[in-house]
file run-v6.txt (compact mmCIF, C-alpha atoms and all ligand atoms)
# COMPACT_ATOMS: atom_id res chain seq x y z
CA MET A 23 49.50 69.30 94.78
CA ALA A 24 51.63 69.80 91.68
CA PRO A 25 49.20 71.29 89.18
CA GLY A 26 49.74 70.11 85.61
CA ASN A 27 50.21 72.82 83.03
CA PRO A 28 48.55 72.40 79.65
CA TYR A 29 51.08 74.78 78.01
CA SER A 30 53.87 72.24 78.40
CA LEU A 31 51.88 69.02 78.61
CA ASN A 32 52.12 66.86 75.55
CA GLN A 33 48.89 65.04 76.23
CA SER A 34 47.20 63.02 73.57
CA ASP A 35 43.49 63.72 73.27
CA MET A 36 42.31 62.07 76.45
CA PRO A 37 39.18 59.95 76.53
CA ILE A 38 36.38 61.95 78.04
CA GLN A 39 34.86 59.08 80.02
CA THR A 40 37.35 57.17 82.15
CA ALA A 41 36.50 55.14 85.22
CA SER A 42 37.16 57.17 88.32
CA GLN A 43 40.06 56.08 90.50
CA ILE A 44 38.03 57.12 93.52
CA PRO A 45 36.12 54.10 94.85
CA LEU A 46 32.39 54.75 94.97
CA PRO A 47 29.86 52.58 96.79
CA GLU A 48 27.84 49.94 94.96
CA VAL A 49 24.25 51.12 94.67
CA ASP A 50 20.90 49.75 93.56
CA LEU A 51 19.83 50.95 90.13
CA ASN A 52 16.45 51.04 88.37
CA THR A 53 14.70 48.62 90.70
CA TYR A 54 11.48 50.21 89.46
CA LYS A 55 11.33 51.15 85.78
CA PRO A 56 8.84 53.49 84.07
CA LYS A 57 6.86 50.47 82.79
CA ASP A 58 6.60 49.08 86.31
CA PRO A 59 6.62 52.00 88.77
CA VAL A 60 5.93 51.61 92.46
CA PRO A 61 3.10 53.51 94.21
CA VAL A 62 4.31 55.54 97.20
CA SER A 63 2.47 58.02 99.38
CA ILE A 64 3.31 61.65 100.02
CA VAL A 65 3.84 62.32 103.72
CA LYS A 66 4.80 65.99 103.72
CA SER A 67 5.09 68.95 101.35
CA GLU A 68 6.41 72.30 102.56
CA ILE A 69 8.16 75.42 101.29
CA ALA A 70 11.94 74.96 101.05
CA THR A 71 12.84 78.61 100.42
CA ALA A 72 14.02 80.90 103.21
CA SER A 73 10.76 82.86 103.00
CA ALA A 74 8.00 83.67 100.50
CA SER A 75 9.66 83.92 97.10
CA PRO A 76 8.75 84.41 93.42
CA ASN A 77 10.42 80.99 92.95
CA PHE A 78 8.24 78.21 94.30
CA VAL A 79 10.41 75.43 95.65
CA ARG A 80 9.03 72.67 97.86
CA HIS A 81 10.51 69.99 100.07
CA VAL A 82 8.41 66.89 99.39
CA GLU A 83 8.65 63.67 101.40
CA PHE A 84 7.49 60.17 100.33
CA ASP A 85 6.93 56.99 102.31
CA VAL A 86 8.64 54.08 100.54
CA SER A 87 8.22 51.56 103.36
CA GLY A 88 7.45 48.04 102.18
CA THR A 89 8.93 48.71 98.73
CA ASP A 90 12.36 47.74 97.38
CA LEU A 91 13.39 51.41 97.71
CA GLU A 92 13.37 51.07 101.49
CA ASN A 93 16.88 51.86 102.78
CA ARG A 94 18.22 51.61 99.21
CA VAL A 95 18.61 55.27 98.15
CA ILE A 96 21.68 57.36 98.98
CA PRO A 97 22.57 61.04 98.49
CA GLY A 98 23.49 61.78 94.89
CA GLN A 99 20.89 59.36 93.53
CA SER A 100 17.61 60.37 91.94
CA LEU A 101 14.08 59.03 91.96
CA GLY A 102 11.73 59.17 88.99
CA ILE A 103 8.18 60.52 89.11
CA LEU A 104 5.46 59.75 86.57
CA ALA A 105 2.85 62.50 86.41
CA GLU A 106 -0.72 61.46 85.74
CA GLY A 107 -2.25 62.21 82.36
CA THR A 108 -0.93 62.39 78.83
CA ASP A 109 1.17 64.74 76.70
CA GLU A 110 0.00 66.72 73.66
CA ASN A 111 0.32 63.54 71.55
CA GLY A 112 -1.90 61.53 73.89
CA ARG A 113 1.04 59.50 75.25
CA PRO A 114 1.56 58.98 78.98
CA HIS A 115 3.92 61.57 80.43
CA LYS A 116 7.56 60.55 80.46
CA VAL A 117 9.38 60.05 83.74
CA ARG A 118 11.17 63.05 85.30
CA LEU A 119 14.06 62.61 87.71
CA TYR A 120 14.39 64.34 91.09
CA SER A 121 17.49 64.10 93.28
CA THR A 122 16.89 62.86 96.76
CA CYS A 123 17.86 65.52 99.30
CA SER A 124 17.77 63.01 102.15
CA PRO A 125 20.78 61.65 104.00
CA THR A 126 21.57 57.92 104.02
CA GLY A 127 18.74 56.27 105.94
CA GLY A 128 16.25 58.85 104.70
CA GLU A 129 14.44 61.54 106.68
CA ASP A 130 13.42 59.08 109.40
CA GLY A 131 16.78 57.31 109.78
CA ASN A 132 15.15 53.97 108.94
CA GLY A 133 15.14 54.33 105.16
CA LYS A 134 11.37 54.57 104.93
CA ILE A 135 10.95 58.29 104.18
CA TYR A 136 12.88 60.03 101.41
CA ALA A 137 12.56 63.60 100.20
CA THR A 138 13.31 65.77 97.19
CA THR A 139 13.53 69.50 96.52
CA VAL A 140 11.37 70.46 93.58
CA LYS A 141 10.92 73.79 91.85
CA ARG A 142 7.72 74.58 89.99
CA VAL A 143 8.62 75.31 86.36
CA ILE A 144 6.50 78.40 85.61
CA ASP A 145 7.29 80.69 82.72
CA GLU A 146 5.94 82.34 79.60
CA HIS A 147 6.15 80.03 76.61
CA TRP A 148 9.13 81.25 74.60
CA GLU A 149 7.19 81.11 71.29
CA THR A 150 3.54 81.78 72.15
CA GLN A 151 4.18 83.89 75.28
CA GLU A 152 1.37 81.95 76.93
CA LEU A 153 1.73 80.69 80.49
CA PHE A 154 4.03 77.66 80.45
CA LEU A 155 3.68 75.18 83.32
CA GLY A 156 6.14 72.30 83.62
CA VAL A 157 4.19 69.04 83.79
CA CYS A 158 5.82 67.01 86.50
CA SER A 159 7.24 69.71 88.79
CA ASN A 160 3.76 71.24 89.15
CA TYR A 161 2.13 67.80 89.48
CA LEU A 162 4.49 66.97 92.34
CA CYS A 163 4.16 70.36 94.04
CA ASP A 164 0.36 70.07 93.87
CA ARG A 165 0.29 66.72 95.71
CA LYS A 166 -0.85 66.68 99.32
CA ALA A 167 -0.04 64.38 102.24
CA GLY A 168 -1.83 61.07 101.66
CA ASP A 169 -1.77 61.29 97.85
CA ILE A 170 -0.26 58.33 96.02
CA ILE A 171 2.28 58.91 93.24
CA ARG A 172 4.10 56.53 90.89
CA MET A 173 7.84 56.31 91.43
CA THR A 174 10.81 54.77 89.57
CA GLY A 175 14.46 54.35 90.44
CA PRO A 176 16.80 54.69 92.09
CA SER A 177 19.06 56.10 89.38
CA GLY A 178 22.61 57.43 89.35
CA ARG A 179 25.85 55.68 90.33
CA ARG A 180 28.52 58.35 89.69
CA PHE A 181 27.54 61.45 91.65
CA LEU A 182 28.12 59.85 95.05
CA LEU A 183 30.40 60.35 98.02
CA PRO A 184 33.39 57.96 97.97
CA GLU A 185 33.27 54.77 100.02
CA THR A 186 36.01 56.15 102.29
CA TYR A 187 34.35 59.57 102.45
CA GLU A 188 36.24 60.65 105.58
CA ASP A 189 39.54 60.67 103.64
CA TYR A 190 38.58 63.71 101.54
CA ASN A 191 37.79 67.42 101.69
CA TYR A 192 34.77 68.57 99.71
CA ILE A 193 33.84 71.66 97.75
CA PHE A 194 30.15 71.55 96.84
CA LEU A 195 29.03 74.11 94.24
CA ALA A 196 25.24 74.28 93.80
CA THR A 197 22.75 76.45 91.96
CA GLY A 198 19.04 76.42 92.82
CA THR A 199 17.54 72.97 93.37
CA GLY A 200 21.00 71.58 92.60
CA ILE A 201 21.36 71.91 96.39
CA ALA A 202 19.29 68.71 96.82
CA PRO A 203 22.09 66.09 96.82
CA PHE A 204 24.29 68.30 99.00
CA ARG A 205 21.69 68.48 101.76
CA GLY A 206 21.91 64.70 102.18
CA MET A 207 25.68 64.58 101.72
CA ALA A 208 26.31 67.42 104.18
CA ILE A 209 24.13 65.77 106.84
CA ASP A 210 25.91 62.42 106.30
CA LEU A 211 29.38 63.98 106.49
CA MET A 212 28.72 66.09 109.57
CA ARG A 213 26.93 63.26 111.39
CA SER A 214 29.97 61.03 110.79
CA GLY A 215 32.18 63.39 112.79
CA MET A 216 34.76 63.55 109.97
CA LYS A 217 37.41 66.19 110.49
CA ASN A 218 38.21 67.30 106.93
CA ASP A 219 36.72 70.45 105.41
CA VAL A 220 33.38 70.71 103.64
CA VAL A 221 32.52 73.93 101.77
CA LEU A 222 29.03 74.43 100.40
CA ALA A 223 28.76 77.39 98.03
CA PHE A 224 25.14 77.97 97.02
CA GLY A 225 23.92 80.29 94.28
CA CYS A 226 20.37 81.58 93.92
CA PRO A 227 18.67 84.69 92.50
CA TYR A 228 17.33 86.32 95.67
CA ARG A 229 17.92 86.04 99.41
CA THR A 230 14.42 84.55 99.73
CA ASP A 231 15.62 81.60 97.59
CA LEU A 232 18.26 80.36 100.03
CA LEU A 233 17.13 76.73 100.23
CA TYR A 234 17.39 74.94 103.61
CA LYS A 235 19.07 78.07 104.96
CA ASN A 236 18.42 77.25 108.62
CA LEU A 237 19.92 73.78 108.28
CA PHE A 238 23.11 75.02 106.60
CA ASP A 239 23.49 78.01 108.95
CA ASP A 240 23.19 75.55 111.81
CA LEU A 241 25.81 73.15 110.39
CA ASP A 242 28.12 76.13 109.80
CA GLN A 243 27.75 77.28 113.39
CA LYS A 244 28.10 73.83 114.97
CA HIS A 245 31.00 72.45 112.91
CA LYS A 246 34.29 74.31 112.48
CA ASN A 247 34.98 72.28 109.31
CA PHE A 248 31.63 73.11 107.60
CA HIS A 249 31.59 76.35 105.63
CA TYR A 250 28.38 77.71 104.09
CA LEU A 251 28.82 80.44 101.47
CA LYS A 252 25.87 82.24 99.89
CA PHE A 253 25.95 83.78 96.40
CA VAL A 254 22.82 85.84 95.76
CA SER A 255 23.07 86.77 92.10
CA ARG A 256 20.50 89.56 91.84
CA GLU A 257 21.10 91.31 95.15
CA ASP A 258 24.82 91.34 95.99
CA PRO A 259 26.88 92.49 92.99
CA ARG A 260 30.62 91.87 93.16
CA THR A 261 32.92 94.90 93.46
CA ASP A 262 33.27 95.03 89.65
CA GLY A 263 29.46 94.98 89.23
CA THR A 264 29.26 91.38 87.93
CA LYS A 265 26.83 88.84 89.36
CA PRO A 266 28.20 86.78 92.21
CA TYR A 267 27.83 83.31 90.68
CA VAL A 268 28.97 80.34 92.77
CA GLN A 269 32.17 79.86 90.81
CA TYR A 270 33.44 83.19 92.16
CA SER A 271 33.64 81.51 95.57
CA LEU A 272 36.96 80.15 94.27
CA ILE A 273 38.29 83.71 93.86
CA ASP A 274 36.30 85.93 96.22
CA ARG A 275 36.81 83.50 99.12
CA ALA A 276 40.37 82.53 98.21
CA ASP A 277 41.27 82.87 101.90
CA LEU A 278 39.13 79.83 102.67
CA MET A 279 39.24 78.02 99.32
CA ASN A 280 42.92 78.10 98.28
CA PRO A 281 44.32 76.00 101.10
CA ILE A 282 41.56 73.43 100.55
CA LEU A 283 41.78 73.41 96.74
CA GLU A 284 45.52 72.85 96.89
CA LYS A 285 45.21 69.62 98.86
CA ASP A 286 45.54 66.34 96.95
CA ASN A 287 42.53 64.86 98.73
CA THR A 288 40.00 67.56 97.81
CA LEU A 289 37.02 66.70 95.62
CA ILE A 290 34.78 69.20 93.83
CA TYR A 291 31.09 68.37 93.28
CA VAL A 292 28.94 70.55 91.01
CA CYS A 293 25.14 70.32 90.73
CA GLY A 294 22.44 72.50 89.24
CA LEU A 295 21.99 74.57 86.10
CA LYS A 296 23.29 73.17 82.85
CA GLY A 297 26.18 75.35 81.74
CA MET A 298 27.32 76.39 85.23
CA GLU A 299 30.36 74.10 84.86
CA THR A 300 31.89 76.28 82.12
CA GLY A 301 32.59 79.20 84.45
CA ILE A 302 34.01 76.82 87.04
CA TYR A 303 36.44 75.24 84.54
CA LYS A 304 37.61 78.68 83.43
CA ILE A 305 38.36 79.83 86.96
CA LEU A 306 40.11 76.57 87.88
CA GLY A 307 42.28 77.00 84.76
CA GLN A 308 43.04 80.62 85.61
CA LEU A 309 44.04 79.54 89.13
CA GLY A 310 46.34 76.86 87.65
CA LEU A 311 44.31 74.07 89.31
CA PHE A 312 44.53 71.76 86.28
CA ASP A 313 44.36 68.60 88.41
CA TYR A 314 40.58 68.99 88.59
CA LEU A 315 40.22 69.14 84.81
CA ARG A 316 40.66 66.92 81.81
CA ILE A 317 41.92 69.16 79.03
CA LYS A 318 42.11 68.10 75.41
CA GLU A 319 45.29 68.61 73.43
CA LYS A 320 43.65 71.32 71.32
CA LEU A 321 44.03 73.73 74.24
CA ASN A 322 47.75 73.07 74.72
CA GLY A 323 49.62 76.34 74.61
CA VAL A 324 46.52 78.47 75.17
CA ASP A 325 46.68 80.67 78.25
CA PRO A 326 43.60 79.92 80.41
CA LEU A 327 42.91 83.67 80.47
CA ASP A 328 42.30 83.40 76.71
CA TRP A 329 40.07 80.28 76.83
CA THR A 330 36.82 81.12 75.07
CA THR A 331 33.53 79.73 76.33
CA ASP A 332 33.22 77.59 73.18
CA GLN A 333 36.70 76.16 73.73
CA VAL A 334 35.93 75.37 77.34
CA LYS A 335 32.68 73.65 76.32
CA SER A 336 34.40 71.57 73.64
CA TYR A 337 37.76 70.72 75.15
CA ILE A 338 37.41 70.56 78.91
CA LYS A 339 35.74 67.86 80.97
CA PRO A 340 35.81 67.16 84.70
CA GLY A 341 38.91 65.34 85.90
CA GLU A 342 39.06 62.44 88.35
CA ARG A 343 38.48 64.68 91.36
CA MET A 344 35.49 66.56 90.01
CA PHE A 345 31.94 65.21 89.98
CA LEU A 346 29.37 66.91 87.83
CA GLU A 347 25.60 66.64 87.58
CA VAL A 348 23.95 69.47 85.70
CA TYR A 349 20.62 69.40 83.84
C1 LIG B 1 19.39 63.62 87.30
C2 LIG B 1 18.39 64.75 87.42
C3 LIG B 1 18.05 65.21 88.67
C4 LIG B 1 17.15 66.26 88.79
N1 LIG B 1 16.82 66.68 90.04
C5 LIG B 1 15.95 67.69 90.19
C6 LIG B 1 15.61 68.15 91.50
O1 LIG B 1 16.09 67.65 92.52
N2 LIG B 1 14.71 69.16 91.59
C7 LIG B 1 14.15 69.75 90.49
O2 LIG B 1 13.32 70.66 90.65
N3 LIG B 1 14.47 69.32 89.25
C8 LIG B 1 15.33 68.30 89.08
N4 LIG B 1 15.63 67.85 87.82
C9 LIG B 1 14.86 68.40 86.68
C10 LIG B 1 13.51 67.61 86.55
O3 LIG B 1 13.79 66.28 86.15
C11 LIG B 1 12.57 68.20 85.50
O4 LIG B 1 13.27 68.34 84.29
C12 LIG B 1 11.99 69.55 85.89
O5 LIG B 1 11.26 69.45 87.10
C13 LIG B 1 11.05 70.06 84.79
O6 LIG B 1 10.09 69.08 84.57
P1 LIG B 1 8.58 69.47 84.23
O7 LIG B 1 7.86 68.19 83.85
O8 LIG B 1 7.99 70.28 85.31
O9 LIG B 1 8.74 70.38 83.00
P2 LIG B 1 8.48 69.98 81.40
O10 LIG B 1 6.99 69.88 81.24
O11 LIG B 1 9.26 68.77 81.15
O12 LIG B 1 9.00 71.25 80.80
C14 LIG B 1 10.34 71.54 80.83
C15 LIG B 1 10.82 71.56 79.39
O13 LIG B 1 10.04 72.50 78.69
C16 LIG B 1 10.85 73.38 77.99
N5 LIG B 1 10.62 74.73 78.51
C17 LIG B 1 11.09 75.25 79.67
N6 LIG B 1 10.69 76.52 79.82
C18 LIG B 1 9.96 76.80 78.71
C19 LIG B 1 9.29 77.95 78.27
N7 LIG B 1 9.31 79.09 78.96
N8 LIG B 1 8.63 77.88 77.07
C20 LIG B 1 8.63 76.74 76.38
N9 LIG B 1 9.26 75.61 76.74
C21 LIG B 1 9.91 75.65 77.89
C22 LIG B 1 12.26 72.96 78.16
O14 LIG B 1 12.65 72.30 76.98
C23 LIG B 1 12.23 72.01 79.31
O15 LIG B 1 13.02 70.86 79.04
C24 LIG B 1 16.55 66.83 87.66
C25 LIG B 1 16.90 66.35 86.39
C26 LIG B 1 17.80 65.34 86.27
C27 LIG B 1 18.13 64.82 84.90
N1 LIG B 2 20.90 66.02 90.02
C1 LIG B 2 20.77 67.00 89.13
O1 LIG B 2 21.29 66.96 88.06
C2 LIG B 2 19.93 68.15 89.48
C3 LIG B 2 19.34 68.23 90.74
C4 LIG B 2 18.57 69.33 91.03
C5 LIG B 2 18.41 70.34 90.10
N2 LIG B 2 19.00 70.21 88.89
C6 LIG B 2 18.85 71.30 87.89
O2 LIG B 2 19.35 72.46 88.50
C7 LIG B 2 18.72 73.59 87.92
C8 LIG B 2 18.37 74.54 89.05
O3 LIG B 2 17.63 75.59 88.55
P1 LIG B 2 16.81 76.56 89.47
O4 LIG B 2 15.72 77.17 88.64
O5 LIG B 2 16.43 75.83 90.73
O6 LIG B 2 17.90 77.65 89.84
P2 LIG B 2 17.67 79.15 90.28
O7 LIG B 2 16.89 79.22 91.54
O8 LIG B 2 17.20 79.96 89.12
O9 LIG B 2 19.17 79.57 90.64
C9 LIG B 2 20.18 79.53 89.70
C10 LIG B 2 21.25 80.50 90.12
O10 LIG B 2 22.40 80.32 89.29
C11 LIG B 2 22.72 81.56 88.66
N3 LIG B 2 23.33 81.30 87.36
C12 LIG B 2 22.82 81.52 86.12
N4 LIG B 2 23.70 81.18 85.17
C13 LIG B 2 24.80 80.74 85.83
C14 LIG B 2 26.06 80.25 85.39
N5 LIG B 2 26.36 80.16 84.09
N6 LIG B 2 26.96 79.88 86.32
C15 LIG B 2 26.68 79.96 87.63
N7 LIG B 2 25.50 80.42 88.11
C16 LIG B 2 24.57 80.79 87.21
C17 LIG B 2 21.42 82.28 88.57
O11 LIG B 2 21.65 83.68 88.44
P3 LIG B 2 20.74 84.67 87.54
O12 LIG B 2 19.44 83.95 87.27
O13 LIG B 2 20.56 85.89 88.38
O14 LIG B 2 21.53 84.94 86.32
C18 LIG B 2 20.81 81.95 89.92
O15 LIG B 2 21.36 82.73 90.95
C19 LIG B 2 17.52 73.08 87.13
O16 LIG B 2 17.87 73.20 85.78
C20 LIG B 2 17.42 71.59 87.53
O17 LIG B 2 17.00 70.79 86.45
C21 LIG B 2 19.77 69.16 88.56
call {"tool": "encode", "arguments": {"input": "run-v6.txt", "output": "structure tokens"}}
result
Amino acid sequence: MAPGNPYSLNQSDMPIQTASQIPLPEVDLNTYKPKDPVPVSIVKSEIATASASPNFVRHVEFDVSGTDLENRVIPGQSLGILAEGTDENGRPHKVRLYSTCSPTGGEDGNGKIYATTVKRVIDEHWETQELFLGVCSNYLCDRKAGDIIRMTGPSGRRFLLPETYEDYNYIFLATGTGIAPFRGMAIDLMRSGMKNDVVLAFGCPYRTDLLYKNLFDDLDQKHKNFHYLKFVSREDPRTDGTKPYVQYSLIDRADLMNPILEKDNTLIYVCGLKGMETGIYKILGQLGLFDYLRIKEKLNGVDPLDWTTDQVKSYIKPGERMFLEVY
């Protein structure tokens, strides 16, 4: 790869949204809308964390057989859930999206059972300090096998593996439940027998929060080209005392990452916490890996070491080889 250098580039302000050159599969979209959701039944709900944790994250499976979602949802897409009841204004709750964590063909291989990874939103209200419970995440986590829920979707047509997925290497950077799409993608890629490299770097607060740990440990052990890296922010400080956020995989595991990042056919996928992309852009800039970024002219001449967080937020977007889904 010949990394571009924004010091010398005389780029005009580039449009932020351009169609990707990487061919993505055609997918079904919004077959079921919030005004016309489809009833589906819960078939399973179990803890998705490595062990008991202060963060409650569940793996929830739904049976979509007989609906137009059957065999029509692929990793990277989301499904909508409508919680029962009304909001504080008496209006029905709005739809919330949850990424499917299932591979193509669902949990059963026949496209009838899909799953998601949902975290209960539980906090103190930031104004009243009263207990704050997220509406839909708790609704979904409270459902039991046999319960019927209202579903919309599928949604999302950008955060997908390419049609010719075996032609690429992948670096997946996930925080928390942002792991969901990568579970399905990793299973698809490893089942296909593809030979290129797949790195999954996962960030979570505590060791107990390593989601689907057994699955990823197993893929790591069975496939020489699958690499599972764990970044436990509140337990394993880096040598300089900073928190080991996932973006530091690009530096702290340079032995593994550099040769992959430098290849022209490597794609980076980022999913999870809103804002996590900023640190990733900064490190890619500092490493001179400008091919993954779309940098506005305003940063020409500025050394990436001097990029401020505000500048990165305003002037850098993902390039053609980076896929981003953060909420
Ligand atoms: C494309 C997409 C995919 C997603 N996939 C997943 C997924 O796979 N798994 C997953 O768990 N989530 C996922 N989410 C997030 C999910 O859609 C919901 O936003 C999340 O579950 C919270 O919904 P809720 O109804 O429980 O919370 P809400 O009742 O909607 O409450 C959350 C809102 O309340 C506010 N809030 C938060 N904390 C506090 C506080 N302490 N005090 C006061 N207000 C507060 C915030 O404004 C926040 O937006 C995804 C989102 C998108 C857009
Ligand atoms: N398709 C999608 O778009 C999609 C799918 C699933 C989930 N999500 C979103 O993903 C988020 C996941 O949240 P969660 O509560 O599940 O996560 P979580 O368990 O709290 O884990 C987040 C981890 O990221 C670390 N972190 C904090 N700030 C960071 C930063 N700037 N850069 C890198 N890492 C950072 C946290 O460290 P510390 O807390 O120790 O600082 C923690 O280790 C939710 O907001 C959800 O809406 C989106």
call {"tool": "residues_around", "arguments": {"input": "run-v6.txt", "residues": "Gln333 of chain A", "least_positions_apart": "4", "cutoff": "12 Å", "atoms": "only C-alpha atoms", "output": "compact mmCIF listing (two decimals) with C-alpha atoms, in the frame of the given file"}}
result
# COMPACT_ATOMS: atom_id res chain seq x y z
CA THR A 300 31.89 76.28 82.12
CA GLY A 301 32.59 79.20 84.45
CA TYR A 303 36.44 75.24 84.54
CA LYS A 304 37.61 78.68 83.43
CA ILE A 317 41.92 69.16 79.03
CA LYS A 318 42.11 68.10 75.41
CA GLU A 319 45.29 68.61 73.43
CA LYS A 320 43.65 71.32 71.32
CA LEU A 321 44.03 73.73 74.24
CA ASN A 322 47.75 73.07 74.72
CA VAL A 324 46.52 78.47 75.17
CA ASP A 325 46.68 80.67 78.25
CA PRO A 326 43.60 79.92 80.41
CA LEU A 327 42.91 83.67 80.47
CA ASP A 328 42.30 83.40 76.71
CA TRP A 329 40.07 80.28 76.83
CA TYR A 337 37.76 70.72 75.15
CA ILE A 338 37.41 70.56 78.91
CA LYS A 339 35.74 67.86 80.97
call {"tool": "residues_around", "arguments": {"input": "run-v6.txt", "residues": "Pro259 of chain A", "least_positions_apart": "6", "cutoff": "12 Å", "atoms": "all atoms listed in the file", "output": "MDAnalysis selection string"}}
result
chainID A and resid 227:228 253 265:267 270 274
call {"tool": "residues_near_ligand", "arguments": {"input": "run-v6.txt", "ligand": "ligand LIG 2 (chain B)", "cutoff": "9 Å", "atoms": "only C-alpha atoms and all ligand atoms", "output": "number ranges by chain"}}
result
A: 77, 79, 98-100, 119-122, 138-143, 178, 181, 196-203, 224-228, 231-232, 253-257, 265-270, 292-302, 346-349
call {"tool": "atom_distance", "arguments": {"input": "run-v6.txt", "atom1": "atom C11 of ligand LIG 1 (chain B)", "atom2": "atom CA of Arg343 of chain A"}}
result
26.8 Å
call {"tool": "atom_distance", "arguments": {"input": "run-v6.txt", "atom1": "atom CA of Leu222 of chain A", "atom2": "atom CA of Phe248 of chain A"}}
result
7.8 Å
call {"tool": "atom_distance", "arguments": {"input": "run-v6.txt", "atom1": "atom CA of Thr174 of chain A", "atom2": "atom CA of Leu101 of chain A"}}
result
5.9 Å
call {"tool": "residues_around", "arguments": {"input": "run-v6.txt", "residues": "segment 41-57 of chain A", "least_positions_apart": "4", "cutoff": "9 Å", "atoms": "all atoms listed in the file", "output": "count of residues only"}}
result
29
call {"tool": "closest_residue", "arguments": {"input": "run-v6.txt", "among": "A:Tyr161, A:Phe84, A:Tyr136, A:Phe312", "to": "ligand LIG 1 (chain B)", "atoms": "all atoms listed in the file"}}
result
A:Tyr161
call {"tool": "build_atoms", "arguments": {"input": "run-v6.txt", "residues": "segment 139-150 of chain A", "atoms": "N, CA and C atoms", "output": "mmCIF file, in the frame of the given file"}}
result
data_model
loop_
_atom_site.group_PDB
_atom_site.id
_atom_site.type_symbol
_atom_site.label_atom_id
_atom_site.label_comp_id
_atom_site.auth_asym_id
_atom_site.auth_seq_id
_atom_site.Cartn_x
_atom_site.Cartn_y
_atom_site.Cartn_z
ATOM 1 N N THR A 139 13.696 68.046 96.507
ATOM 2 C CA THR A 139 13.530 69.500 96.520
ATOM 3 C C THR A 139 13.093 69.869 95.109
ATOM 4 N N VAL A 140 11.871 70.274 94.945
ATOM 5 C CA VAL A 140 11.370 70.460 93.580
ATOM 6 C C VAL A 140 10.908 71.889 93.347
ATOM 7 N N LYS A 141 11.319 72.421 92.197
ATOM 8 C CA LYS A 141 10.920 73.790 91.850
ATOM 9 C C LYS A 141 9.839 73.737 90.783
ATOM 10 N N ARG A 142 8.758 74.488 91.014
ATOM 11 C CA ARG A 142 7.720 74.580 89.990
ATOM 12 C C ARG A 142 8.298 75.282 88.765
ATOM 13 N N VAL A 143 8.216 74.642 87.601
ATOM 14 C CA VAL A 143 8.620 75.310 86.360
ATOM 15 C C VAL A 143 7.431 76.142 85.895
ATOM 16 N N ILE A 144 7.572 77.458 85.984
ATOM 17 C CA ILE A 144 6.500 78.400 85.610
ATOM 18 C C ILE A 144 7.141 79.499 84.775
ATOM 19 N N ASP A 145 6.636 79.705 83.579
ATOM 20 C CA ASP A 145 7.290 80.690 82.720
ATOM 21 C C ASP A 145 6.286 81.140 81.646
ATOM 22 N N GLU A 146 6.718 82.063 80.823
ATOM 23 C CA GLU A 146 5.940 82.340 79.600
ATOM 24 C C GLU A 146 6.514 81.446 78.509
ATOM 25 N N HIS A 147 5.647 80.862 77.697
ATOM 26 C CA HIS A 147 6.150 80.030 76.610
ATOM 27 C C HIS A 147 6.992 80.885 75.687
ATOM 28 N N TRP A 148 8.206 80.382 75.330
ATOM 29 C CA TRP A 148 9.130 81.250 74.600
ATOM 30 C C TRP A 148 8.698 81.541 73.171
ATOM 31 N N GLU A 149 7.690 80.781 72.632
ATOM 32 C CA GLU A 149 7.190 81.110 71.290
ATOM 33 C C GLU A 149 5.843 81.826 71.378
ATOM 34 N N THR A 150 4.911 81.243 72.136
ATOM 35 C CA THR A 150 3.540 81.780 72.150
ATOM 36 C C THR A 150 3.341 82.860 73.207
#
